[in-house]
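One structure is given here, and the rest of the page talks about it.
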Amino acid sequence: MRILAVILAALNIGVGALISNAQDRPVGSVTIYAATSLTDAFEALGDAYAEAHPEVDILLNFANSATLAAQIAAGAPADVFASANELQMQKAVASGRVEAAEVEIFAHNRLVVIVPADNPAAIESPGDLAGDGILLVLAAAGTPIRAYADAMLASYNADFGEDFNERVGRNLVSEESNVRQVVARVALGEADAGVVYQSDALGDVAARLAVIPIDERHNQLAAYPIAPLNDAAMPASARAFIDFVQSLDAQPILAANGFCWPAILDYAISTEATPEPNLAPASEVEAPAIDCEAATIEDG
C-alpha cells in the first residue's frame with residue numbers, strides 16, 4: 001500500500017511539472033501593439049522570434065503611440081505594448097492595464113530632417129526650414145514624433161532667433177497621422193522636407209530621400225518603452241517576446257533598422273569607440289552600434 005502511495009505521489013509530481021512547463025513555455029498567439037516607427041524592426045524581430053519559436057504566432061498592430069494607448073485604455077485586446085515615448089506608456093499605466101514596474105526601455109532613436117533625393121528646395125540645414133516657400137510636413141500634434149520635432153525646433157531658437165520655430169510653423173502644409181506618412185509625402189516629392197526618426201530614413205525608401213543631420217545639442221533622444229499587459233491572454237508568451245526584444249540576439253536587428261543601443265544593455269556593448277550613425281539601407285548594414293550619447297532627452 002505504501003509503495004502504491006509513493007508511485008502515485010511521483011506521478012502527481014511528474015504531471016504537475018509537465019503542466020507547469022507547458023504553462024511557462026511560450027505558445028499560442030501574441031498580439032503586439034507597436035509604434036509605427038517600429039514597423040520594420042518589429043517585423044524583422046517577429047520573424048526571428050517565430051523562427052526560434054514556431055509554436056508562437058506574432059500578431060503585429062502598428063499605429064501612432066497615442067492611438068495605441070487610447071485603444072488599450074478602451075480595452076482593446078493586446079498582450080504587449082511598445083511605445084515611441086514614455087508619455088503614451090504612462091497613459092497605458094494610468095488605464096490600469098499595464099503595471100509601472102513592468103515598463104522597460106528597450107531602444108532609443110533620434111531625429112533627422114528628410115528631403116526628396118533631388119532636394120528641390122536646396123535645404124542644407126534645419127535652419128533652412130524657416131525659408132520662404134518651404135513646404136514642410138510633420139506628424140500630427142499629439143504623436144510622439146511631433147512632440148520631439150517641436151522640442152527640436154524650439155531648441156534652435158537659440159541659434160536662429162526666438163521666433164524660429166514659429167517661422168518654421170508657417171511653412172507647415174500637412175500634418176500626417178503617423179511618421180510613415182510623413183516619409184511617404186517627402187519621398188513622393190509632395191513636400192520639401194519633413195522631420196522623422198533616423199530609423200525611418202532607412203530601407204526601401206532610402207534611395208528616394210536625402211538626410212539632413214540635426215546638431216547633437218538640438219537633437220532629441222526618443223525612448224522606446226515596452227511592457228506586457230496585465231490581462232494578456234498568454235502572459236508567458238508575452239514575457240518571452242519582451243525578453244527576446246531586450247536580448248543581445250535582438251540588438252543587431254534593432255541597430256540595422258536605425259535604433260540606438262538601449263541603456264539597459266550598455267554593459268554588454270564593446271568599449272571600443274562607437275561609429276557614427278550609418279544611414280545606408282538596412283539591407284546593407286551589419287548591426288552598427290548607433291551612438292545616442294550626445295542627444296538631449298525631451299519626451300512628448
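Residues are referred to by chain and number: the chain letter is A, B, ... according to the order shown in the C-alpha cells, the number counts from 1 in that chain, and ligands are numbered separately from 1 in the order shown.
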
> Would you give me, as JSON, numbers by chain, the residues in stretch 76-243 of chain A that DSSP reads as strand (DSSP E)?
Replying inline: {"A": [80, 81, 82, 104, 105, 106, 107, 108, 109, 111, 112, 113, 114, 115, 116, 136, 137, 138, 139, 172, 173, 174, 175, 176, 193, 194, 195, 196, 197, 209, 210, 211, 212, 222, 223, 224, 225, 226, 227, 228]}

Could you save the residues just selected, with C-alpha atoms, as a PDB file, in the first residue's frame?
```pdb
ATOM      1  CA  VAL A  80       2.369  43.691 -25.387  1.00  0.00           C
ATOM      2  CA  PHE A  81       2.633  47.470 -25.871  1.00  0.00           C
ATOM      3  CA  ALA A  82       5.753  49.088 -27.375  1.00  0.00           C
ATOM      4  CA  GLU A 104      11.358  48.875 -19.551  1.00  0.00           C
ATOM      5  CA  ILE A 105      13.214  50.926 -22.181  1.00  0.00           C
ATOM      6  CA  PHE A 106      14.432  48.660 -24.960  1.00  0.00           C
ATOM      7  CA  ALA A 107      15.740  51.123 -27.582  1.00  0.00           C
ATOM      8  CA  HIS A 108      16.418  54.756 -28.410  1.00  0.00           C
ATOM      9  CA  ASN A 109      16.034  56.764 -31.604  1.00  0.00           C
ATOM     10  CA  LEU A 111      15.625  62.726 -35.330  1.00  0.00           C
ATOM     11  CA  VAL A 112      16.696  63.722 -38.838  1.00  0.00           C
ATOM     12  CA  VAL A 113      15.335  66.121 -41.417  1.00  0.00           C
ATOM     13  CA  ILE A 114      14.479  64.388 -44.677  1.00  0.00           C
ATOM     14  CA  VAL A 115      14.129  65.937 -48.132  1.00  0.00           C
ATOM     15  CA  PRO A 116      13.471  64.415 -51.559  1.00  0.00           C
ATOM     16  CA  LEU A 136       7.069  71.268 -44.626  1.00  0.00           C
ATOM     17  CA  VAL A 137       5.213  68.176 -43.489  1.00  0.00           C
ATOM     18  CA  LEU A 138       5.143  66.916 -39.898  1.00  0.00           C
ATOM     19  CA  ALA A 139       3.228  64.298 -37.944  1.00  0.00           C
ATOM     20  CA  LEU A 172       3.679  73.594 -42.361  1.00  0.00           C
ATOM     21  CA  VAL A 173       1.439  72.407 -45.191  1.00  0.00           C
ATOM     22  CA  SER A 174       0.356  68.999 -43.880  1.00  0.00           C
ATOM     23  CA  GLU A 175       0.087  67.106 -40.593  1.00  0.00           C
ATOM     24  CA  GLU A 176       0.084  63.341 -41.000  1.00  0.00           C
ATOM     25  CA  ALA A 193      11.055  68.486 -46.041  1.00  0.00           C
ATOM     26  CA  GLY A 194       9.884  66.536 -43.025  1.00  0.00           C
ATOM     27  CA  VAL A 195      11.152  65.605 -39.576  1.00  0.00           C
ATOM     28  CA  VAL A 196      11.267  61.888 -38.806  1.00  0.00           C
ATOM     29  CA  TYR A 197      13.183  59.361 -36.748  1.00  0.00           C
ATOM     30  CA  LEU A 209      15.450  60.595 -49.709  1.00  0.00           C
ATOM     31  CA  ALA A 210      18.357  62.749 -48.644  1.00  0.00           C
ATOM     32  CA  VAL A 211      19.069  63.127 -44.939  1.00  0.00           C
ATOM     33  CA  ILE A 212      19.917  66.450 -43.293  1.00  0.00           C
ATOM     34  CA  ALA A 222      13.413  59.210 -28.222  1.00  0.00           C
ATOM     35  CA  ALA A 223      12.956  56.469 -25.632  1.00  0.00           C
ATOM     36  CA  TYR A 224      11.006  53.325 -26.562  1.00  0.00           C
ATOM     37  CA  PRO A 225       9.372  51.565 -23.591  1.00  0.00           C
ATOM     38  CA  ILE A 226       7.835  48.109 -23.747  1.00  0.00           C
ATOM     39  CA  ALA A 227       5.602  46.253 -21.287  1.00  0.00           C
ATOM     40  CA  PRO A 228       3.201  43.307 -21.111  1.00  0.00           C
TER      41      PRO A 228
END
```

> Could you pull out the helix (DSSP H, G or I) residues of stretch 74-254 of chain A from DSSP and send them as an NGL selection string?
Replying inline: :A and (86-94 or 100-102 or 126-130 or 144-155 or 157-160 or 164-169 or 179-187 or 198-201 or 203-208 or 235-245 or 251-254)

>> So the first atom is atom CA of A:Ala147 and the second is atom CA of A:Phe164; what is the distance between them in Å, to one decimal place?
In response: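 Those two atoms sit 16.4 Å apart.
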
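You will find atom CA of A:Ala191 at 18.0 Å from atom CA of A:Leu153.
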
> When distances are computed from only C-alpha atoms, which of A:Glu55, A:Ala233, A:Asp118, A:Gly161 shows the smallest separation from A:Ala207?
Replying inline: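 With only C-alpha atoms as the atom set, the closest residue is A:Asp118.
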
>> Just the number, please: distance in Å from atom CA of A:Ile123 to atom CA of A:Arg208, one decimal.
In response: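 Atom-to-atom, atom CA of A:Ile123 and atom CA of A:Arg208 are spaced 15.3 Å apart.
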
>> When you look at A:Val245 with a cut-off of 9 Å (counting only C-alpha atoms), what residues show up, excluding the ones that are within fewer than 5 positions of it in the same chain? I need them as an NGL selection string.
In response: :A and (42 or 45 or 49 or 106 or 240 or 250-251 or 254)

>> Nearest residue to A:Ala121 out of A:Gln246, A:Glu190, A:Ile58, A:Ser95, using only C-alpha atoms?
In response: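 Selected residue with least distance to A:Ala121: A:Glu190.
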
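Minimum distance to A:Ala130 across A:Ala74, A:Val168, A:Ala184, A:Ala34 (counting only C-alpha atoms) occurs at A:Val168.
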
> If we count only C-alpha atoms, what is near A:Asp159 at a cut-off of 12 Å, once residues fewer than 6 positions away on the same chain are taken out, given as a PyMOL selection string?
Replying inline: chain A and resi 126-127+152-153+165+215+217-218

>> With distances taken over only C-alpha atoms, which residue among A:Asn230, A:Thr31, A:Ser177, A:Thr39 lies nearest A:Val56?
In response: A:Thr31

> Quick one: of A:Ala141, A:Ala255, A:Leu229, A:Val182, who's nearest to A:Ala73, counting only C-alpha atoms?
Replying inline: A:Leu229
